[in-house]
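Dumped protein.cif below, it's mmCIF, C-alpha atoms:
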```cif
data_work
loop_
_atom_site.group_PDB
_atom_site.id
_atom_site.type_symbol
_atom_site.label_atom_id
_atom_site.label_comp_id
_atom_site.auth_asym_id
_atom_site.auth_seq_id
_atom_site.Cartn_x
_atom_site.Cartn_y
_atom_site.Cartn_z
ATOM 1 C CA MET Q 27 62.735 -15.849 -12.047
ATOM 2 C CA THR Q 28 66.021 -17.482 -13.085
ATOM 3 C CA GLY Q 29 65.437 -20.679 -15.012
ATOM 4 C CA GLY Q 30 61.673 -20.177 -14.762
ATOM 5 C CA TYR Q 31 59.040 -20.236 -17.511
ATOM 6 C CA ASP Q 32 57.485 -16.918 -18.440
ATOM 7 C CA ARG Q 33 54.077 -17.927 -19.801
ATOM 8 C CA ALA Q 34 53.104 -14.393 -20.765
ATOM 9 C CA GLY Q 35 56.418 -13.771 -22.509
ATOM 10 C CA SER Q 36 56.289 -17.099 -24.297
ATOM 11 C CA ALA Q 37 52.746 -16.444 -25.512
ATOM 12 C CA ALA Q 38 53.734 -12.991 -26.742
ATOM 13 C CA ASN Q 39 56.773 -14.388 -28.569
ATOM 14 C CA LYS Q 40 54.647 -17.046 -30.269
ATOM 15 C CA TYR Q 41 52.085 -14.423 -31.260
ATOM 16 C CA ASP Q 42 54.819 -12.168 -32.686
ATOM 17 C CA ALA Q 43 56.179 -15.101 -34.682
ATOM 18 C CA ARG Q 44 52.735 -15.881 -36.116
ATOM 19 C CA MET Q 45 52.220 -12.209 -36.969
ATOM 20 C CA ALA Q 46 55.580 -11.988 -38.721
ATOM 21 C CA SER Q 47 54.850 -15.123 -40.704
ATOM 22 C CA ALA Q 48 51.390 -13.888 -41.691
ATOM 23 C CA SER Q 49 52.702 -10.530 -42.857
ATOM 24 C CA GLU Q 50 55.440 -11.926 -45.096
ATOM 25 C CA SER Q 51 53.201 -11.283 -48.095
ATOM 26 C CA THR Q 52 53.781 -7.751 -49.399
ATOM 27 C CA ASP Q 53 50.034 -7.179 -49.693
ATOM 28 C CA ALA Q 54 49.316 -7.989 -46.024
ATOM 29 C CA ILE Q 55 47.348 -5.406 -44.063
ATOM 30 C CA PHE Q 56 47.051 -5.043 -40.297
ATOM 31 C CA ALA Q 57 43.355 -4.572 -39.532
ATOM 32 C CA VAL Q 58 42.126 -2.941 -36.318
ATOM 33 C CA ASP Q 59 38.511 -2.599 -35.193
ATOM 34 C CA VAL Q 60 38.218 -0.325 -32.150
ATOM 35 C CA GLY Q 61 35.020 -1.051 -30.268
ATOM 36 C CA ALA Q 62 33.540 0.344 -27.090
ATOM 37 C CA THR Q 63 33.835 -3.083 -25.459
ATOM 38 C CA ASN Q 64 36.692 -4.821 -27.292
ATOM 39 C CA ILE Q 65 39.429 -4.010 -29.795
ATOM 40 C CA LYS Q 66 40.034 -6.637 -32.496
ATOM 41 C CA PHE Q 67 43.211 -7.160 -34.518
ATOM 42 C CA ALA Q 68 44.113 -9.388 -37.467
ATOM 43 C CA VAL Q 69 46.338 -9.573 -40.517
ATOM 44 C CA VAL Q 70 44.421 -9.827 -43.799
ATOM 45 C CA ASP Q 71 45.439 -10.107 -47.427
ATOM 46 C CA ALA Q 72 44.433 -7.788 -50.276
ATOM 47 C CA ASP Q 73 41.115 -9.627 -50.625
ATOM 48 C CA GLY Q 74 40.295 -9.366 -46.909
ATOM 49 C CA ALA Q 75 41.026 -13.040 -46.179
ATOM 50 C CA PHE Q 76 42.469 -13.680 -42.728
ATOM 51 C CA LEU Q 77 46.127 -14.636 -42.575
ATOM 52 C CA ASN Q 78 46.117 -15.259 -38.818
ATOM 53 C CA PRO Q 79 43.520 -15.721 -36.069
ATOM 54 C CA VAL Q 80 41.610 -12.673 -34.865
ATOM 55 C CA ARG Q 81 42.914 -11.348 -31.566
ATOM 56 C CA ARG Q 82 40.819 -9.403 -29.047
ATOM 57 C CA ARG Q 83 41.494 -7.351 -25.976
ATOM 58 C CA ALA Q 84 39.154 -5.458 -23.713
ATOM 59 C CA THR Q 85 38.989 -1.764 -24.530
ATOM 60 C CA PRO Q 86 40.894 -0.015 -21.733
ATOM 61 C CA TYR Q 87 39.304 2.914 -19.922
ATOM 62 C CA PRO Q 88 39.761 5.782 -19.565
ATOM 63 C CA LEU Q 89 40.894 5.808 -23.191
ATOM 64 C CA SER Q 90 42.554 9.051 -24.231
ATOM 65 C CA PRO Q 91 43.743 9.687 -27.797
ATOM 66 C CA ALA Q 92 47.348 9.242 -26.704
ATOM 67 C CA ARG Q 93 46.589 5.903 -25.054
ATOM 68 C CA LEU Q 94 44.811 4.558 -28.141
ATOM 69 C CA VAL Q 95 47.693 5.675 -30.367
ATOM 70 C CA ARG Q 96 50.182 3.844 -28.137
ATOM 71 C CA LEU Q 97 48.072 0.697 -28.088
ATOM 72 C CA ILE Q 98 47.604 0.516 -31.858
ATOM 73 C CA THR Q 99 51.221 1.491 -32.524
ATOM 74 C CA SER Q 100 52.512 -1.342 -30.347
ATOM 75 C CA ARG Q 101 50.426 -3.943 -32.180
ATOM 76 C CA ALA Q 102 50.900 -2.497 -35.655
ATOM 77 C CA THR Q 103 54.690 -2.278 -35.489
ATOM 78 C CA ARG Q 104 54.889 -5.858 -34.184
ATOM 79 C CA SER Q 105 52.711 -7.092 -37.056
ATOM 80 C CA GLY Q 106 55.389 -6.580 -39.694
ATOM 81 C CA CYS Q 107 52.801 -5.034 -42.048
ATOM 82 C CA THR Q 108 53.443 -1.751 -43.840
ATOM 83 C CA ARG Q 109 49.724 -0.895 -44.153
ATOM 84 C CA VAL Q 110 47.198 -0.498 -41.348
ATOM 85 C CA GLY Q 111 43.416 -0.090 -41.597
ATOM 86 C CA VAL Q 112 41.522 1.121 -38.523
ATOM 87 C CA GLY Q 113 37.824 1.414 -37.698
ATOM 88 C CA PHE Q 114 36.937 4.104 -35.135
ATOM 89 C CA PRO Q 115 33.723 3.854 -33.037
ATOM 90 C CA GLY Q 116 32.494 7.403 -33.418
ATOM 91 C CA LYS Q 117 31.876 10.116 -35.964
ATOM 92 C CA PHE Q 118 34.991 10.432 -38.093
ATOM 93 C CA SER Q 119 35.838 12.426 -41.219
ATOM 94 C CA GLU Q 120 38.972 13.160 -43.255
ATOM 95 C CA GLY Q 121 41.345 11.719 -40.687
ATOM 96 C CA ARG Q 122 39.848 13.498 -37.680
ATOM 97 C CA VAL Q 123 37.513 12.588 -34.850
ATOM 98 C CA ILE Q 124 34.291 14.583 -35.018
ATOM 99 C CA ALA Q 125 32.644 12.935 -32.001
ATOM 100 C CA PRO Q 126 34.157 10.101 -29.909
ATOM 101 C CA GLY Q 127 30.970 8.328 -28.826
ATOM 102 C CA ASN Q 128 31.541 6.017 -25.875
ATOM 103 C CA LEU Q 129 35.288 6.692 -25.803
ATOM 104 C CA ALA Q 130 34.490 9.951 -23.995
ATOM 105 C CA ARG Q 131 33.161 7.919 -21.048
ATOM 106 C CA PRO Q 132 36.074 7.378 -18.610
ATOM 107 C CA GLY Q 133 34.571 4.231 -17.110
ATOM 108 C CA GLY Q 134 33.285 2.793 -20.382
ATOM 109 C CA VAL Q 135 29.744 2.222 -21.549
ATOM 110 C CA GLY Q 136 27.135 3.239 -18.988
ATOM 111 C CA THR Q 137 29.255 5.897 -17.301
ATOM 112 C CA ASP Q 138 28.865 9.634 -17.790
ATOM 113 C CA VAL Q 139 30.711 11.520 -20.517
ATOM 114 C CA ASP Q 140 33.718 13.411 -19.173
ATOM 115 C CA PRO Q 141 33.827 16.877 -20.806
ATOM 116 C CA GLU Q 142 37.616 17.071 -20.594
ATOM 117 C CA LEU Q 143 38.128 13.662 -22.227
ATOM 118 C CA ASP Q 144 35.475 14.485 -24.812
ATOM 119 C CA GLY Q 145 37.335 17.674 -25.619
ATOM 120 C CA GLU Q 146 40.611 15.785 -26.088
ATOM 121 C CA TRP Q 147 38.993 13.585 -28.695
ATOM 122 C CA ARG Q 148 37.063 16.181 -30.695
ATOM 123 C CA GLY Q 149 39.121 17.312 -33.655
ATOM 124 C CA PHE Q 150 41.951 14.897 -32.860
ATOM 125 C CA ALA Q 151 43.874 13.985 -36.042
ATOM 126 C CA LEU Q 152 43.983 10.260 -35.279
ATOM 127 C CA GLN Q 153 45.094 9.171 -38.729
ATOM 128 C CA ASP Q 154 48.070 11.549 -38.815
ATOM 129 C CA ALA Q 155 49.006 10.682 -35.229
ATOM 130 C CA LEU Q 156 49.109 6.970 -36.053
ATOM 131 C CA ARG Q 157 51.105 7.566 -39.212
ATOM 132 C CA ALA Q 158 53.666 9.602 -37.290
ATOM 133 C CA ALA Q 159 53.907 7.092 -34.432
ATOM 134 C CA THR Q 160 54.185 3.979 -36.616
ATOM 135 C CA ASN Q 161 55.866 5.329 -39.753
ATOM 136 C CA LEU Q 162 53.367 3.176 -41.650
ATOM 137 C CA ASP Q 163 50.605 3.807 -44.180
ATOM 138 C CA VAL Q 164 47.628 4.089 -41.792
ATOM 139 C CA ARG Q 165 44.060 4.775 -42.921
ATOM 140 C CA VAL Q 166 41.220 5.364 -40.466
ATOM 141 C CA VAL Q 167 37.461 5.451 -41.058
ATOM 142 C CA ASN Q 168 34.328 5.101 -38.961
ATOM 143 C CA ASP Q 169 33.849 1.499 -37.810
ATOM 144 C CA ALA Q 170 30.480 1.100 -39.538
ATOM 145 C CA THR Q 171 32.043 2.306 -42.783
ATOM 146 C CA LEU Q 172 34.811 -0.261 -42.382
ATOM 147 C CA ALA Q 173 32.205 -2.987 -41.798
ATOM 148 C CA ALA Q 174 30.405 -1.819 -44.930
ATOM 149 C CA LEU Q 175 33.586 -2.177 -46.959
ATOM 150 C CA GLY Q 176 33.871 -5.750 -45.724
ATOM 151 C CA SER Q 177 30.229 -6.567 -46.445
ATOM 152 C CA CYS Q 178 28.837 -4.846 -49.522
ATOM 153 C CA THR Q 179 28.622 -6.268 -53.016
ATOM 154 C CA GLY Q 180 28.840 -2.955 -54.850
ATOM 155 C CA VAL Q 181 25.447 -3.355 -56.485
ATOM 156 C CA GLY Q 182 22.706 -0.799 -55.830
ATOM 157 C CA VAL Q 183 21.911 0.803 -52.487
ATOM 158 C CA GLU Q 184 23.137 -1.190 -49.484
ATOM 159 C CA VAL Q 185 22.517 -0.350 -45.829
ATOM 160 C CA VAL Q 186 24.862 -1.717 -43.166
ATOM 161 C CA LEU Q 187 23.917 -1.838 -39.483
ATOM 162 C CA THR Q 188 26.481 -2.795 -36.856
ATOM 163 C CA LEU Q 189 24.989 -4.407 -33.765
ATOM 164 C CA GLY Q 190 27.221 -4.337 -30.731
ATOM 165 C CA THR Q 191 27.613 -2.048 -27.757
ATOM 166 C CA GLY Q 192 25.427 0.379 -29.716
ATOM 167 C CA LEU Q 193 24.160 0.785 -33.270
ATOM 168 C CA GLY Q 194 26.207 1.928 -36.248
ATOM 169 C CA LEU Q 195 24.882 2.876 -39.681
ATOM 170 C CA ALA Q 196 26.630 2.989 -43.055
ATOM 171 C CA LEU Q 197 25.313 3.524 -46.562
ATOM 172 C CA VAL Q 198 26.962 2.283 -49.761
ATOM 173 C CA VAL Q 199 25.679 3.225 -53.219
ATOM 174 C CA ASN Q 200 27.026 1.172 -56.140
ATOM 175 C CA GLY Q 201 30.101 0.294 -54.122
ATOM 176 C CA VAL Q 202 30.862 3.829 -52.927
ATOM 177 C CA PRO Q 203 30.486 4.664 -49.209
ATOM 178 C CA THR Q 204 28.107 7.609 -48.943
ATOM 179 C CA PRO Q 205 28.049 10.104 -46.042
ATOM 180 C CA VAL Q 206 25.231 9.393 -43.626
ATOM 181 C CA ARG Q 207 24.378 10.688 -40.173
ATOM 182 C CA ASP Q 208 25.793 9.051 -37.047
ATOM 183 C CA VAL Q 209 22.618 7.638 -35.495
ATOM 184 C CA GLY Q 210 24.003 6.256 -32.238
ATOM 185 C CA ALA Q 211 23.185 9.252 -30.048
ATOM 186 C CA GLU Q 212 20.118 10.279 -32.039
ATOM 187 C CA VAL Q 213 16.961 10.250 -29.893
ATOM 188 C CA ARG Q 214 14.039 8.188 -31.167
ATOM 189 C CA ALA Q 215 10.310 8.875 -30.717
ATOM 190 C CA ASP Q 216 10.197 6.885 -27.461
ATOM 191 C CA GLY Q 217 12.928 9.015 -25.883
ATOM 192 C CA ARG Q 218 15.686 6.420 -26.176
ATOM 193 C CA THR Q 219 18.727 6.803 -28.408
ATOM 194 C CA TYR Q 220 19.542 4.280 -31.114
ATOM 195 C CA ASP Q 221 22.450 3.047 -28.969
ATOM 196 C CA GLN Q 222 20.131 2.545 -25.995
ATOM 197 C CA THR Q 223 17.528 0.774 -28.125
ATOM 198 C CA PHE Q 224 19.783 -1.571 -30.089
ATOM 199 C CA GLY Q 225 22.890 -1.938 -27.940
ATOM 200 C CA GLU Q 226 23.879 -5.029 -25.990
ATOM 201 C CA ALA Q 227 22.415 -3.706 -22.721
ATOM 202 C CA ALA Q 228 18.949 -3.467 -24.307
ATOM 203 C CA ARG Q 229 19.227 -6.930 -25.842
ATOM 204 C CA ALA Q 230 20.312 -8.481 -22.537
ATOM 205 C CA LEU Q 231 17.421 -6.794 -20.726
ATOM 206 C CA ASP Q 232 14.638 -7.792 -23.130
ATOM 207 C CA GLU Q 233 15.609 -9.761 -26.229
ATOM 208 C CA VAL Q 234 12.028 -9.990 -27.539
ATOM 209 C CA ARG Q 235 11.644 -6.208 -27.513
ATOM 210 C CA TRP Q 236 15.122 -5.827 -29.019
ATOM 211 C CA ARG Q 237 14.175 -8.142 -31.861
ATOM 212 C CA ASP Q 238 10.902 -6.332 -32.513
ATOM 213 C CA ASP Q 239 12.607 -2.934 -32.436
ATOM 214 C CA LEU Q 240 15.263 -4.217 -34.828
ATOM 215 C CA GLY Q 241 12.661 -5.278 -37.367
ATOM 216 C CA GLY Q 242 11.119 -1.826 -37.220
ATOM 217 C CA VAL Q 243 14.364 0.087 -37.624
ATOM 218 C CA ILE Q 244 15.509 -2.059 -40.533
ATOM 219 C CA ALA Q 245 12.212 -1.405 -42.310
ATOM 220 C CA SER Q 246 12.528 2.343 -41.658
ATOM 221 C CA PHE Q 247 16.065 2.547 -43.047
ATOM 222 C CA VAL Q 248 15.111 0.483 -46.110
ATOM 223 C CA ALA Q 249 12.321 2.971 -46.785
ATOM 224 C CA GLU Q 250 14.450 6.043 -46.032
ATOM 225 C CA PHE Q 251 17.299 5.075 -48.352
ATOM 226 C CA ASP Q 252 15.354 2.930 -50.846
ATOM 227 C CA ALA Q 253 17.805 0.148 -50.059
ATOM 228 C CA GLY Q 254 17.993 -3.075 -52.023
ATOM 229 C CA THR Q 255 20.053 -5.011 -49.460
ATOM 230 C CA VAL Q 256 20.644 -4.832 -45.708
ATOM 231 C CA HIS Q 257 23.819 -6.171 -44.090
ATOM 232 C CA LEU Q 258 24.043 -6.851 -40.342
ATOM 233 C CA ALA Q 259 27.518 -6.836 -38.819
ATOM 234 C CA GLY Q 260 28.960 -6.616 -35.309
ATOM 235 C CA GLY Q 261 28.972 -8.999 -32.373
ATOM 236 C CA ASN Q 262 25.202 -9.295 -32.017
ATOM 237 C CA ALA Q 263 24.574 -9.998 -35.689
ATOM 238 C CA ARG Q 264 25.070 -13.661 -34.821
ATOM 239 C CA ARG Q 265 21.934 -13.501 -32.678
ATOM 240 C CA VAL Q 266 19.764 -12.573 -35.654
ATOM 241 C CA ASP Q 267 17.868 -14.946 -37.946
ATOM 242 C CA PRO Q 268 17.355 -13.337 -41.381
ATOM 243 C CA THR Q 269 14.048 -15.200 -41.757
ATOM 244 C CA TRP Q 270 12.638 -12.768 -39.163
ATOM 245 C CA PHE Q 271 12.571 -10.175 -41.931
ATOM 246 C CA ALA Q 272 11.108 -12.277 -44.740
ATOM 247 C CA SER Q 273 8.222 -9.840 -45.198
ATOM 248 C CA LEU Q 274 10.587 -6.911 -45.710
ATOM 249 C CA GLY Q 275 10.969 -7.551 -49.423
ATOM 250 C CA VAL Q 276 14.761 -7.121 -49.513
ATOM 251 C CA PRO Q 277 17.501 -9.554 -48.467
ATOM 252 C CA VAL Q 278 18.991 -9.220 -44.986
ATOM 253 C CA VAL Q 279 22.506 -10.676 -44.939
ATOM 254 C CA ILE Q 280 24.281 -11.660 -41.709
ATOM 255 C CA GLU Q 281 27.926 -10.628 -42.013
ATOM 256 C CA GLY Q 282 29.102 -11.351 -38.473
ATOM 257 C CA ASN Q 283 31.683 -9.732 -36.252
ATOM 258 C CA GLU Q 284 34.687 -9.812 -38.584
ATOM 259 C CA ALA Q 285 33.260 -7.729 -41.441
ATOM 260 C CA SER Q 286 35.165 -4.635 -40.343
ATOM 261 C CA LEU Q 287 38.488 -6.481 -40.296
ATOM 262 C CA ARG Q 288 37.832 -7.801 -43.812
ATOM 263 C CA GLY Q 289 36.954 -4.279 -44.885
ATOM 264 C CA ALA Q 290 40.387 -2.937 -43.927
ATOM 265 C CA ALA Q 291 41.790 -4.382 -47.152
ATOM 266 C CA ARG Q 292 39.498 -2.173 -49.220
ATOM 267 C CA LEU Q 293 40.963 0.990 -47.754
ATOM 268 C CA PHE Q 294 44.036 0.455 -49.946
#
```

structure tokens encoding of this file:
Amino acid sequence: MTGGYDRAGSAANKYDARMASASESTDAIFAVDVGATNIKFAVVDADGAFLNPVRRRATPYPLSPARLVRLITSRATRSGCTRVGVGFPGKFSEGRVIAPGNLARPGGVGTDVDPELDGEWRGFALQDALRAATNLDVRVVNDATLAALGSCTGVGVEVVLTLGTGLGLALVVNGVPTPVRDVGAEVRADGRTYDQTFGEAARALDEVRWRDDLGGVIASFVAEFDAGTVHLAGGNARRVDPTWFASLGVPVVIEGNEASLRGAARLF
């Protein structure tokens, strides 16, 4: 409209200006955490400190590999950063998607997996695709691994659990991320998967049971890996009181929802 005020355009221009200002430092990194519910973005410095406010947008569905590449490319190139760290919410290894988790569900969490969409994701070289599209140094890891990088102290055996739409697991031994199984779709003794037991839907349905189940799974992972510290990250970590686990014998540290974005700095 001639002479009118474009609120959306003005907001975008202000955001671009803040991003450009934040990325003026040569060590700035554009951090991306792809979740099944939301995608978070921020610019961080080499120590993982935030240089601008965290931005969020709802994860769009259906989300094909090409659509995710376009979305991240648009934000990354506007950031002004030359390095990009991305957390992917599924099984991921050596730059490729092994299993896409909830991203294979065309309607999002709670809908059925679409075999065709699942097939598009499996084996997709996401890291190379993002590097080609952005012409930037892009590094991609599993989202729980990224949260671990933003949480762990580097001392001893540390277990990281991400509590959000589902459950993510990462293991770090003396500061080095160690391969561990993707537990989200793994079926537990009661017939439910880890995602079904510890995801947001289960918490919203029965928070007391969710809390009790959480105590049990933390104890089991501490025993399985002989862990000396447990870190809880993800959106629902804020709902947890570490005093619930006082009898566990190891510290449980609440890292919050931004651990993965902080961890992007440690990819470089």

Exercise: stretch 241-254 of chain Q partners within 9 Å, all atoms listed in the file, chain neighbours under 2 positions left out, as a list in words | Val181, Gly182, Val183, Glu184, Val185, Leu187, Leu197, Trp236, Arg237, Asp238, Asp239, Val256, Trp270, Phe271, Leu274, Gly275, Val276 and Pro277 of chain Q

Same residues, C-alpha atoms, saved as an mmCIF file, keeping the file's coordinate frame:
```cif
data_model
loop_
_atom_site.group_PDB
_atom_site.id
_atom_site.type_symbol
_atom_site.label_atom_id
_atom_site.label_comp_id
_atom_site.auth_asym_id
_atom_site.auth_seq_id
_atom_site.Cartn_x
_atom_site.Cartn_y
_atom_site.Cartn_z
ATOM 1 C CA VAL Q 181 25.447 -3.355 -56.485
ATOM 2 C CA GLY Q 182 22.706 -0.799 -55.830
ATOM 3 C CA VAL Q 183 21.911 0.803 -52.487
ATOM 4 C CA GLU Q 184 23.137 -1.190 -49.484
ATOM 5 C CA VAL Q 185 22.517 -0.350 -45.829
ATOM 6 C CA LEU Q 187 23.917 -1.838 -39.483
ATOM 7 C CA LEU Q 197 25.313 3.524 -46.562
ATOM 8 C CA TRP Q 236 15.122 -5.827 -29.019
ATOM 9 C CA ARG Q 237 14.175 -8.142 -31.861
ATOM 10 C CA ASP Q 238 10.902 -6.332 -32.513
ATOM 11 C CA ASP Q 239 12.607 -2.934 -32.436
ATOM 12 C CA VAL Q 256 20.644 -4.832 -45.708
ATOM 13 C CA TRP Q 270 12.638 -12.768 -39.163
ATOM 14 C CA PHE Q 271 12.571 -10.175 -41.931
ATOM 15 C CA LEU Q 274 10.587 -6.911 -45.710
ATOM 16 C CA GLY Q 275 10.969 -7.551 -49.423
ATOM 17 C CA VAL Q 276 14.761 -7.121 -49.513
ATOM 18 C CA PRO Q 277 17.501 -9.554 -48.467
#
```

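Here atom CA of Q:Gly113 and atom CA of Q:Arg131 stand 18.5 Å from one another.
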
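When the PyMOL selection byres ((chain Q and resi 65-78) around 6) is evaluated against the file, it yields Ala48, Asp53, Ala54, Ile55, Phe56, Ala57, Val58, Asp59, Val60, Gly61, Asn64, Pro79, Val80, Arg81, Arg82, Arg83, Thr85, Arg288 and Ala291 of chain Q.
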
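With only C-alpha atoms as the atoms that count, the minimum distance from Q:Thr103 to the choices Q:Gln153, Q:Asn161, Q:Ser273, Q:Asn128 is reached by Q:Asn161.
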
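The coordinates place atom CA of Q:Gln222 at 15.0 Å from atom CA of Q:Val234.
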
Step by step, work through what the PyMOL selection byres ((chain Q and resi 133) around 6) selects in the shown file, and finish by giving those residues as JSON, numbers by chain.
-> {"Q": [87, 88, 131, 132, 134, 137]}

Contact table stretch 210-277 of chain Q vs stretch 169-173 of chain Q, cut-off 12 Å, shortest pair per residue, all atoms listed in the file, as CSV:
```
residue,atom,partner,partner_atom,distance
Q:Gly210,CA,Q:Ala170,CA,11.0
Q:His257,CA,Q:Ala173,CA,9.3
Q:Leu258,CA,Q:Ala173,CA,9.1
Q:Ala259,CA,Q:Ala173,CA,6.8
Q:Gly260,CA,Q:Ala173,CA,8.1
Q:Gly261,CA,Q:Ala173,CA,11.6
```

Just-selected residues, C-alpha atoms written as an mmCIF file, in the frame of the given file:
```cif
data_model
loop_
_atom_site.group_PDB
_atom_site.id
_atom_site.type_symbol
_atom_site.label_atom_id
_atom_site.label_comp_id
_atom_site.auth_asym_id
_atom_site.auth_seq_id
_atom_site.Cartn_x
_atom_site.Cartn_y
_atom_site.Cartn_z
ATOM 1 C CA GLY Q 210 24.003 6.256 -32.238
ATOM 2 C CA HIS Q 257 23.819 -6.171 -44.090
ATOM 3 C CA LEU Q 258 24.043 -6.851 -40.342
ATOM 4 C CA ALA Q 259 27.518 -6.836 -38.819
ATOM 5 C CA GLY Q 260 28.960 -6.616 -35.309
ATOM 6 C CA GLY Q 261 28.972 -8.999 -32.373
#
```

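When only C-alpha atoms are used to measure the gap to Q:Arg109, the shortest distance among Q:Leu129, Q:Val266, Q:Val166, Q:Ala62 belongs to Q:Val166.
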
Measuring atom to atom with only C-alpha atoms, identify which of Q:Ser119, Q:Thr160, Q:Thr269, Q:Asn283 is nearest to Q:Arg101.
-> Q:Thr160

Just how far from atom CA of Q:Leu195 is atom CA of Q:Leu89, in Å to one decimal?
-> 23.2 Å

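Closest to Q:Gly111 among Q:Glu212, Q:Glu146, Q:Asp163, Q:Asp138 is Q:Asp163, based on all atoms listed in the file.
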
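Nearest-residue note for Q:Arg218: choosing from Q:Val95, Q:Gly192, Q:Glu281, Q:Arg292, the minimum distance belongs to Q:Gly192, counting only C-alpha atoms.
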
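Residues within 8 Å of Q:Ala130, counting all atoms listed in the file and excluding same-chain residues fewer than 3 positions away, are Leu89, Pro126, Gly127, Val139, Asp140, Pro141, Leu143, Asp144 and Trp147 of chain Q.
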
Run the PyMOL selection byres ((chain Q and resi 122) around 9) on the file and write out the hits as a list in words.
-> Lys117, Phe118, Ser119, Glu120, Gly121, Val123, Ile124, Arg148, Gly149, Phe150, Ala151, Leu152, Gln153, Asp154 and Val166 of chain Q

To test the calculation: enclose all listed atoms of stretch 143-149 of chain Q in a box whose edges run along x, y and z, add 4 Å on each side, then state centre and edge lengths in Å to one decimal, as AutoDock Vina command-line options.
```
--center_x 38.0 --center_y 15.6 --center_z -27.9 --size_x 13.1 --size_y 12.1 --size_z 19.4
```

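With distances restricted to only C-alpha atoms, Q:Cys178 is the closest residue to Q:Thr255 from Q:Cys178, Q:Leu189, Q:Leu240, Q:Leu231.
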
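Using only C-alpha atoms, the residues found no farther than 9 Å from Q:Arg96, other than those of its own chain fewer than 5 positions away, are Pro91, Arg101, Leu156 and Ala159 of chain Q.
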
Next, the residues of the selection above should be written as a PDB file, in the frame of the given file with C-alpha atoms.
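So the final result, stored in selection10.pdb, reads:
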```
ATOM      1  CA  PRO Q  91      43.743   9.687 -27.797  1.00  0.00           C
ATOM      2  CA  ARG Q 101      50.426  -3.943 -32.180  1.00  0.00           C
ATOM      3  CA  LEU Q 156      49.109   6.970 -36.053  1.00  0.00           C
ATOM      4  CA  ALA Q 159      53.907   7.092 -34.432  1.00  0.00           C
TER       5      ALA Q 159
END
```

Excluding Q:Leu175 and any residue of its chain fewer than 6 positions from it, enumerate the residues within 10 Å of it, using all atoms listed in the file, and give them as a list in words.
-> Gly74, Asp169, Val186, Ala196, Val198, Gly201, Val202, Pro203, Ala285, Ser286, Leu287, Arg288, Gly289, Ala290, Ala291, Arg292 and Leu293 of chain Q
